[in-house]
Structures are given as structure tokens and as C-alpha cells.
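Have a look at entry.pdb; it's PDB, C-alpha atoms, pLDDT in the B column:
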ATOM      1  CA  MET A   1      26.040  37.839 -37.262  1.00 61.00           C
ATOM      2  CA  VAL A   2      27.961  34.594 -37.270  1.00 64.00           C
ATOM      3  CA  VAL A   3      27.185  31.890 -34.737  1.00 68.00           C
ATOM      4  CA  ASP A   4      30.125  29.787 -33.627  1.00 77.00           C
ATOM      5  CA  ASP A   5      29.403  26.088 -33.338  1.00 79.00           C
ATOM      6  CA  PRO A   6      30.638  24.534 -30.105  1.00 79.00           C
ATOM      7  CA  PRO A   7      33.570  22.216 -30.510  1.00 80.00           C
ATOM      8  CA  PRO A   8      32.586  18.567 -30.962  1.00 82.00           C
ATOM      9  CA  ARG A   9      32.767  16.427 -27.860  1.00 84.00           C
ATOM     10  CA  PRO A  10      35.124  13.469 -27.890  1.00 83.00           C
ATOM     11  CA  ARG A  11      33.548  10.078 -28.405  1.00 81.00           C
ATOM     12  CA  VAL A  12      33.138   7.830 -25.407  1.00 76.00           C
ATOM     13  CA  THR A  13      32.961   4.062 -25.582  1.00 73.00           C
ATOM     14  CA  VAL A  14      30.322   2.672 -23.243  1.00 66.00           C
ATOM     15  CA  VAL A  15      31.129  -0.664 -21.689  1.00 67.00           C
ATOM     16  CA  LEU A  16      28.422  -2.417 -19.669  1.00 64.00           C
ATOM     17  CA  ALA A  17      30.875  -3.511 -16.988  1.00 57.00           C
ATOM     18  CA  ASP A  18      31.755   0.139 -16.359  1.00 53.00           C
ATOM     19  CA  ALA A  19      28.081   1.075 -16.053  1.00 51.00           C
ATOM     20  CA  ALA A  20      27.451  -1.789 -13.649  1.00 51.00           C
ATOM     21  CA  ALA A  21      30.409  -0.762 -11.512  1.00 54.00           C
ATOM     22  CA  ARG A  22      29.114   2.828 -11.351  1.00 56.00           C
ATOM     23  CA  ARG A  23      25.687   1.702 -10.103  1.00 52.00           C
ATOM     24  CA  GLY A  24      27.214   0.617  -6.845  1.00 53.00           C
ATOM     25  CA  ALA A  25      25.422  -0.173  -3.627  1.00 49.00           C
ATOM     26  CA  ALA A  26      22.313   1.868  -4.371  1.00 49.00           C
ATOM     27  CA  ASP A  27      21.049  -0.676  -6.893  1.00 56.00           C
ATOM     28  CA  ARG A  28      21.938  -3.834  -4.994  1.00 55.00           C
ATOM     29  CA  GLY A  29      18.474  -4.110  -3.438  1.00 57.00           C
ATOM     30  CA  SER A  30      16.691  -3.804  -6.748  1.00 60.00           C
ATOM     31  CA  SER A  31      19.103  -6.250  -8.360  1.00 61.00           C
ATOM     32  CA  ASP A  32      18.324  -8.699  -5.542  1.00 61.00           C
ATOM     33  CA  LEU A  33      14.683  -8.399  -6.526  1.00 64.00           C
ATOM     34  CA  THR A  34      15.156  -8.739 -10.273  1.00 63.00           C
ATOM     35  CA  GLU A  35      17.617 -11.612  -9.959  1.00 66.00           C
ATOM     36  CA  GLN A  36      15.360 -13.360  -7.404  1.00 70.00           C
ATOM     37  CA  THR A  37      18.110 -13.912  -4.862  1.00 74.00           C
ATOM     38  CA  PRO A  38      17.239 -15.218  -1.380  1.00 79.00           C
ATOM     39  CA  ILE A  39      17.567 -11.669  -0.054  1.00 77.00           C
ATOM     40  CA  GLY A  40      15.135 -10.397  -2.681  1.00 76.00           C
ATOM     41  CA  GLU A  41      12.701 -13.203  -1.879  1.00 82.00           C
ATOM     42  CA  ALA A  42      12.877 -12.318   1.818  1.00 83.00           C
ATOM     43  CA  LEU A  43      12.199  -8.660   1.044  1.00 82.00           C
ATOM     44  CA  VAL A  44       9.174  -9.491  -1.107  1.00 85.00           C
ATOM     45  CA  LYS A  45       7.865 -11.959   1.471  1.00 89.00           C
ATOM     46  CA  GLY A  46       8.128  -9.218   4.089  1.00 88.00           C
ATOM     47  CA  LEU A  47       6.076  -6.860   1.927  1.00 88.00           C
ATOM     48  CA  VAL A  48       3.444  -9.524   1.210  1.00 91.00           C
ATOM     49  CA  ARG A  49       3.292 -10.388   4.916  1.00 94.00           C
ATOM     50  CA  ALA A  50       2.799  -6.720   5.846  1.00 93.00           C
ATOM     51  CA  GLN A  51       0.036  -6.285   3.248  1.00 94.00           C
ATOM     52  CA  PHE A  52      -1.684  -9.501   4.390  1.00 96.00           C
ATOM     53  CA  ALA A  53      -1.524  -8.457   8.067  1.00 95.00           C
ATOM     54  CA  LEU A  54      -3.048  -5.086   7.162  1.00 95.00           C
ATOM     55  CA  ALA A  55      -5.845  -6.795   5.228  1.00 96.00           C
ATOM     56  CA  LEU A  56      -6.582  -9.132   8.152  1.00 97.00           C
ATOM     57  CA  ARG A  57      -6.673  -6.282  10.665  1.00 96.00           C
ATOM     58  CA  LEU A  58      -9.101  -4.264   8.573  1.00 96.00           C
ATOM     59  CA  ALA A  59     -11.226  -7.341   7.860  1.00 96.00           C
ATOM     60  CA  LEU A  60     -11.527  -7.802  11.625  1.00 96.00           C
ATOM     61  CA  VAL A  61     -12.568  -4.148  11.963  1.00 95.00           C
ATOM     62  CA  VAL A  62     -15.308  -4.676   9.356  1.00 95.00           C
ATOM     63  CA  ALA A  63     -16.425  -7.953  10.932  1.00 94.00           C
ATOM     64  CA  ALA A  64     -16.528  -6.369  14.375  1.00 93.00           C
ATOM     65  CA  GLY A  65     -18.217  -3.205  13.147  1.00 90.00           C
ATOM     66  CA  LEU A  66     -20.903  -4.790  11.013  1.00 90.00           C
ATOM     67  CA  GLY A  67     -21.096  -8.253  12.546  1.00 88.00           C
ATOM     68  CA  THR A  68     -21.921  -7.102  16.053  1.00 89.00           C
ATOM     69  CA  LEU A  69     -24.891  -4.983  14.976  1.00 86.00           C
ATOM     70  CA  PRO A  70     -27.244  -7.924  14.284  1.00 85.00           C
ATOM     71  CA  LEU A  71     -26.062  -9.468  17.541  1.00 88.00           C
ATOM     72  CA  LEU A  72     -26.908  -6.228  19.351  1.00 86.00           C
ATOM     73  CA  PHE A  73     -30.369  -6.140  17.815  1.00 84.00           C
ATOM     74  CA  ALA A  74     -30.971  -9.798  18.776  1.00 86.00           C
ATOM     75  CA  VAL A  75     -29.789  -9.353  22.361  1.00 88.00           C
ATOM     76  CA  ALA A  76     -31.505  -5.997  22.924  1.00 85.00           C
ATOM     77  CA  PRO A  77     -34.657  -5.922  20.787  1.00 85.00           C
ATOM     78  CA  ALA A  78     -35.619  -2.527  22.211  1.00 86.00           C
ATOM     79  CA  VAL A  79     -32.666  -0.990  20.340  1.00 79.00           C
ATOM     80  CA  GLY A  80     -34.074  -2.365  17.107  1.00 78.00           C
ATOM     81  CA  GLU A  81     -37.371  -0.615  17.732  1.00 83.00           C
ATOM     82  CA  VAL A  82     -35.814   2.860  17.871  1.00 84.00           C
ATOM     83  CA  LYS A  83     -36.815   4.986  14.922  1.00 86.00           C
ATOM     84  CA  VAL A  84     -34.556   7.548  13.222  1.00 85.00           C
ATOM     85  CA  PHE A  85     -36.330   9.835  10.741  1.00 86.00           C
ATOM     86  CA  GLY A  86     -39.230   7.389  10.767  1.00 88.00           C
ATOM     87  CA  VAL A  87     -37.041   4.390   9.864  1.00 82.00           C
ATOM     88  CA  HIS A  88     -36.031   1.625  12.270  1.00 84.00           C
ATOM     89  CA  LEU A  89     -32.439   1.900  13.513  1.00 79.00           C
ATOM     90  CA  PRO A  90     -31.285  -1.471  12.070  1.00 82.00           C
ATOM     91  CA  TRP A  91     -32.269  -0.314   8.576  1.00 84.00           C
ATOM     92  CA  VAL A  92     -30.410   2.946   9.030  1.00 84.00           C
ATOM     93  CA  LEU A  93     -27.259   1.321  10.381  1.00 84.00           C
ATOM     94  CA  LEU A  94     -27.068  -1.732   8.128  1.00 83.00           C
ATOM     95  CA  GLY A  95     -28.778  -0.373   5.037  1.00 84.00           C
ATOM     96  CA  VAL A  96     -27.390   3.152   4.851  1.00 83.00           C
ATOM     97  CA  LEU A  97     -24.484   3.843   7.182  1.00 86.00           C
ATOM     98  CA  SER A  98     -22.670   0.596   6.454  1.00 90.00           C
ATOM     99  CA  PHE A  99     -21.669   1.805   2.985  1.00 92.00           C
ATOM    100  CA  PRO A 100     -19.791   4.944   4.107  1.00 93.00           C
ATOM    101  CA  PHE A 101     -18.145   2.773   6.773  1.00 93.00           C
ATOM    102  CA  LEU A 102     -16.944   0.323   4.112  1.00 94.00           C
ATOM    103  CA  VAL A 103     -15.705   3.169   1.902  1.00 96.00           C
ATOM    104  CA  LEU A 104     -13.730   4.621   4.821  1.00 95.00           C
ATOM    105  CA  VAL A 105     -12.187   1.240   5.626  1.00 96.00           C
ATOM    106  CA  GLY A 106     -11.294   0.785   1.946  1.00 96.00           C
ATOM    107  CA  ALA A 107      -9.707   4.244   1.779  1.00 96.00           C
ATOM    108  CA  ALA A 108      -7.735   3.515   4.941  1.00 96.00           C
ATOM    109  CA  TYR A 109      -6.540   0.226   3.431  1.00 96.00           C
ATOM    110  CA  VAL A 110      -5.356   1.932   0.242  1.00 96.00           C
ATOM    111  CA  ARG A 111      -3.536   4.628   2.214  1.00 96.00           C
ATOM    112  CA  TRP A 112      -1.791   2.189   4.542  1.00 95.00           C
ATOM    113  CA  ALA A 113      -0.982  -0.289   1.768  1.00 94.00           C
ATOM    114  CA  GLU A 114       0.639   2.501  -0.262  1.00 94.00           C
ATOM    115  CA  ARG A 115       2.623   3.501   2.822  1.00 93.00           C
ATOM    116  CA  ASN A 116       3.831  -0.109   3.143  1.00 91.00           C
ATOM    117  CA  GLU A 117       4.907  -0.061  -0.502  1.00 90.00           C
ATOM    118  CA  GLN A 118       6.688   3.276  -0.067  1.00 90.00           C
ATOM    119  CA  ASP A 119       8.531   1.915   2.969  1.00 89.00           C
ATOM    120  CA  PHE A 120       9.494  -1.133   0.902  1.00 86.00           C
ATOM    121  CA  ALA A 121      10.751   1.054  -1.949  1.00 86.00           C
ATOM    122  CA  ALA A 122      12.736   3.180   0.501  1.00 85.00           C
ATOM    123  CA  LEU A 123      14.263   0.018   1.930  1.00 82.00           C
ATOM    124  CA  ILE A 124      15.308  -1.089  -1.542  1.00 80.00           C
ATOM    125  CA  ARG A 125      16.785   2.319  -2.425  1.00 79.00           C
ATOM    126  CA  ARG A 126      18.642   2.716   0.870  1.00 73.00           C
ATOM    127  CA  PRO A 127      22.403   2.455   0.332  1.00 66.00           C
ATOM    128  CA  GLU A 128      24.220  -0.232   2.226  1.00 61.00           C
ATOM    129  CA  PRO A 129      26.575   0.940   5.019  1.00 57.00           C
TER     130      PRO A 129
END

Could you write out this structure as C-alpha cells?
Amino acid sequence: MVVDDPPPRPRVTVVLADAAARRGAADRGSSDLTEQTPIGEALVKGLVRAQFALALRLALVVAAGLGTLPLLFAVAPAVGEVKVFGVHLPWVLLGVLSFPFLVLVGAAYVRWAERNEQDFAALIRRPEP
């Protein structure tokens, strides 16, 4: 049995200008980022601003969630005397349940921050009209 070799393909000269012309509008956003144009700077500033706003919002949630508990126990001392499983409620809330709360807030931050980054990447990849 004889196997026929396929005919050789013709050689092609690759010119960088041709490759750049073929990239087209789809890569303009990423080139704005790599070349640090004013448009690229504005896009990155928008992403940083979105991430910072998310961090501030969740920091306020943590401050409100954990910071108001000592205030509650100071204003209403009877609440601090309540026992859960033989342990005072402030110990349960601040010593035990605060950690799952912080883990949940951290997981929410990671999820929403990744969504911001995916939206940013989609904005960069979106072809211009």
C-alpha cells in the first residue's frame, strides 16, 4: 500500500502591516490599553472606580453589620443578657457568627469584582460600530 503525500503548500510571506490590518476594530480597545492612550486610561480608570465603589459598599455593609452590634448591646443591655446554648448572645454574634458573615461578604466581593472585570473585558472586545 502506497501513501500519497499531499502536495506542498505554497510559501506565504508574512508582513506585520498585513497582520495589523487584519486585526481590525476588534483589537482597537486592547491596543488602547497596551499603548496607554487617553481612551485606554479612561477605560482602566472606569474599572478601578467600579472596583473601588464595590469595595466601599461592602465595607459599609460590614461596618453596619458588625459595628451596630456593640451599640445595640450598649443601648439595650437586656439583649446582651440573653443566652443561646448557655453562652451570652454578644459572644455568639461577635465571636462566632461574625466569621461566616465576613466569609460571605468576601465571597460576594470576589463574585461581583469578577463580574466587573468580565464586563470590562467584554467592553474591550466589543467591535466598534

Could you state which residues are captured by the PyMOL selection byres ((chain A and resi 89) around 12) in this file, as a PDB file with C-alpha atoms, keeping the file's coordinate frame?
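In the end it all went to out37.pdb:
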ATOM      1  CA  LEU A  69     -24.891  -4.983  14.976  1.00 86.00           C
ATOM      2  CA  PRO A  70     -27.244  -7.924  14.284  1.00 85.00           C
ATOM      3  CA  LEU A  72     -26.908  -6.228  19.351  1.00 86.00           C
ATOM      4  CA  PHE A  73     -30.369  -6.140  17.815  1.00 84.00           C
ATOM      5  CA  PRO A  77     -34.657  -5.922  20.787  1.00 85.00           C
ATOM      6  CA  ALA A  78     -35.619  -2.527  22.211  1.00 86.00           C
ATOM      7  CA  VAL A  79     -32.666  -0.990  20.340  1.00 79.00           C
ATOM      8  CA  GLY A  80     -34.074  -2.365  17.107  1.00 78.00           C
ATOM      9  CA  GLU A  81     -37.371  -0.615  17.732  1.00 83.00           C
ATOM     10  CA  VAL A  82     -35.814   2.860  17.871  1.00 84.00           C
ATOM     11  CA  LYS A  83     -36.815   4.986  14.922  1.00 86.00           C
ATOM     12  CA  VAL A  84     -34.556   7.548  13.222  1.00 85.00           C
ATOM     13  CA  PHE A  85     -36.330   9.835  10.741  1.00 86.00           C
ATOM     14  CA  GLY A  86     -39.230   7.389  10.767  1.00 88.00           C
ATOM     15  CA  VAL A  87     -37.041   4.390   9.864  1.00 82.00           C
ATOM     16  CA  HIS A  88     -36.031   1.625  12.270  1.00 84.00           C
ATOM     17  CA  PRO A  90     -31.285  -1.471  12.070  1.00 82.00           C
ATOM     18  CA  TRP A  91     -32.269  -0.314   8.576  1.00 84.00           C
ATOM     19  CA  VAL A  92     -30.410   2.946   9.030  1.00 84.00           C
ATOM     20  CA  LEU A  93     -27.259   1.321  10.381  1.00 84.00           C
ATOM     21  CA  LEU A  94     -27.068  -1.732   8.128  1.00 83.00           C
ATOM     22  CA  GLY A  95     -28.778  -0.373   5.037  1.00 84.00           C
ATOM     23  CA  VAL A  96     -27.390   3.152   4.851  1.00 83.00           C
ATOM     24  CA  LEU A  97     -24.484   3.843   7.182  1.00 86.00           C
TER      25      LEU A  97
END

Practice item. Would you work out the distance separating CA of Leu60 in chain A from CA of Val105 in chain A, expressed in Å to one decimal? Key: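 Pair CA of Leu60 in chain A / CA of Val105 in chain A returns 10.9 Å.
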
Exercise for review: Run the PyMOL selection byres ((chain A and resi 58) around 12) against the file shown and list the residues it catches, as a VMD selection string.
Suggested key: chain A and resid 51 to 57 59 to 65 101 to 110 112 to 113

Practice item. Go ahead and compute the interatomic distance for CA of Val48 in chain A and CA of Ala122 in chain A, in Å to one decimal. Key: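 Rounded to one decimal, the two atoms are 15.8 Å apart.
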
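Rounded to one decimal, CA of Glu114 in chain A and CA of Phe99 in chain A lie 22.6 Å from each other.
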
Would you give the centre and edge lengths, in Å to one decimal, of a box along x, y and z around the listed atoms of range 55-67 of chain A, with 8 Å added to each side, as AutoDock Vina command-line options?
--center_x -13.5 --center_y -6.2 --center_z 9.8 --size_x 31.3 --size_y 21.9 --size_z 25.1

Exercise for review: Using all atoms listed in the file, pick whichever of A:Thr68, A:Ser98, A:Ala50, A:Pro6 has the shortest atom-to-atom distance to Glu117 in chain A.
Suggested key: A:Ala50

Write out N, CA and C atoms for range 37-61 of chain A, as an mmCIF file, keeping the file's coordinate frame.
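The file below, out30.cif, is the result:
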data_model
loop_
_atom_site.group_PDB
_atom_site.id
_atom_site.type_symbol
_atom_site.label_atom_id
_atom_site.label_comp_id
_atom_site.auth_asym_id
_atom_site.auth_seq_id
_atom_site.Cartn_x
_atom_site.Cartn_y
_atom_site.Cartn_z
ATOM 1 N N THR A 37 17.195 -13.332 -5.836
ATOM 2 C CA THR A 37 18.110 -13.912 -4.862
ATOM 3 C C THR A 37 17.339 -14.198 -3.575
ATOM 4 N N PRO A 38 17.922 -14.968 -2.666
ATOM 5 C CA PRO A 38 17.239 -15.218 -1.380
ATOM 6 C C PRO A 38 16.942 -13.928 -0.610
ATOM 7 N N ILE A 39 17.818 -12.944 -0.729
ATOM 8 C CA ILE A 39 17.567 -11.669 -0.054
ATOM 9 C C ILE A 39 16.352 -10.989 -0.672
ATOM 10 N N GLY A 40 16.281 -10.985 -1.995
ATOM 11 C CA GLY A 40 15.135 -10.397 -2.681
ATOM 12 C C GLY A 40 13.840 -11.109 -2.333
ATOM 13 N N GLU A 41 13.901 -12.436 -2.259
ATOM 14 C CA GLU A 41 12.701 -13.203 -1.879
ATOM 15 C C GLU A 41 12.256 -12.844 -0.468
ATOM 16 N N ALA A 42 13.217 -12.680 0.438
ATOM 17 C CA ALA A 42 12.877 -12.318 1.818
ATOM 18 C C ALA A 42 12.249 -10.928 1.872
ATOM 19 N N LEU A 43 12.761 -10.008 1.075
ATOM 20 C CA LEU A 43 12.199 -8.660 1.044
ATOM 21 C C LEU A 43 10.762 -8.676 0.520
ATOM 22 N N VAL A 44 10.524 -9.419 -0.544
ATOM 23 C CA VAL A 44 9.174 -9.491 -1.107
ATOM 24 C C VAL A 44 8.230 -10.207 -0.143
ATOM 25 N N LYS A 45 8.704 -11.264 0.495
ATOM 26 C CA LYS A 45 7.865 -11.959 1.471
ATOM 27 C C LYS A 45 7.492 -11.038 2.623
ATOM 28 N N GLY A 46 8.425 -10.180 3.029
ATOM 29 C CA GLY A 46 8.128 -9.218 4.089
ATOM 30 C C GLY A 46 7.042 -8.242 3.678
ATOM 31 N N LEU A 47 7.107 -7.770 2.419
ATOM 32 C CA LEU A 47 6.076 -6.860 1.927
ATOM 33 C C LEU A 47 4.723 -7.562 1.849
ATOM 34 N N VAL A 48 4.703 -8.770 1.328
ATOM 35 C CA VAL A 48 3.444 -9.524 1.210
ATOM 36 C C VAL A 48 2.871 -9.793 2.602
ATOM 37 N N ARG A 49 3.746 -10.127 3.549
ATOM 38 C CA ARG A 49 3.292 -10.388 4.916
ATOM 39 C C ARG A 49 2.695 -9.125 5.539
ATOM 40 N N ALA A 50 3.319 -7.984 5.307
ATOM 41 C CA ALA A 50 2.799 -6.720 5.846
ATOM 42 C C ALA A 50 1.444 -6.375 5.226
ATOM 43 N N GLN A 51 1.309 -6.583 3.916
ATOM 44 C CA GLN A 51 0.036 -6.285 3.248
ATOM 45 C C GLN A 51 -1.057 -7.241 3.736
ATOM 46 N N PHE A 52 -0.708 -8.510 3.923
ATOM 47 C CA PHE A 52 -1.684 -9.501 4.390
ATOM 48 C C PHE A 52 -2.124 -9.185 5.818
ATOM 49 N N ALA A 53 -1.176 -8.803 6.685
ATOM 50 C CA ALA A 53 -1.524 -8.457 8.067
ATOM 51 C C ALA A 53 -2.444 -7.241 8.101
ATOM 52 N N LEU A 54 -2.176 -6.264 7.244
ATOM 53 C CA LEU A 54 -3.048 -5.086 7.162
ATOM 54 C C LEU A 54 -4.451 -5.486 6.717
ATOM 55 N N ALA A 55 -4.540 -6.340 5.713
ATOM 56 C CA ALA A 55 -5.845 -6.795 5.228
ATOM 57 C C ALA A 55 -6.603 -7.549 6.321
ATOM 58 N N LEU A 56 -5.918 -8.395 7.066
ATOM 59 C CA LEU A 56 -6.582 -9.132 8.152
ATOM 60 C C LEU A 56 -7.075 -8.201 9.250
ATOM 61 N N ARG A 57 -6.253 -7.214 9.617
ATOM 62 C CA ARG A 57 -6.673 -6.282 10.665
ATOM 63 C C ARG A 57 -7.922 -5.513 10.246
ATOM 64 N N LEU A 58 -7.937 -5.032 9.015
ATOM 65 C CA LEU A 58 -9.101 -4.264 8.573
ATOM 66 C C LEU A 58 -10.326 -5.160 8.348
ATOM 67 N N ALA A 59 -10.104 -6.415 7.971
ATOM 68 C CA ALA A 59 -11.226 -7.341 7.860
ATOM 69 C C ALA A 59 -11.839 -7.589 9.240
ATOM 70 N N LEU A 60 -11.008 -7.646 10.263
ATOM 71 C CA LEU A 60 -11.527 -7.802 11.625
ATOM 72 C C LEU A 60 -12.305 -6.554 12.063
ATOM 73 N N VAL A 61 -11.841 -5.379 11.647
ATOM 74 C CA VAL A 61 -12.568 -4.148 11.963
ATOM 75 C C VAL A 61 -13.953 -4.181 11.313
#
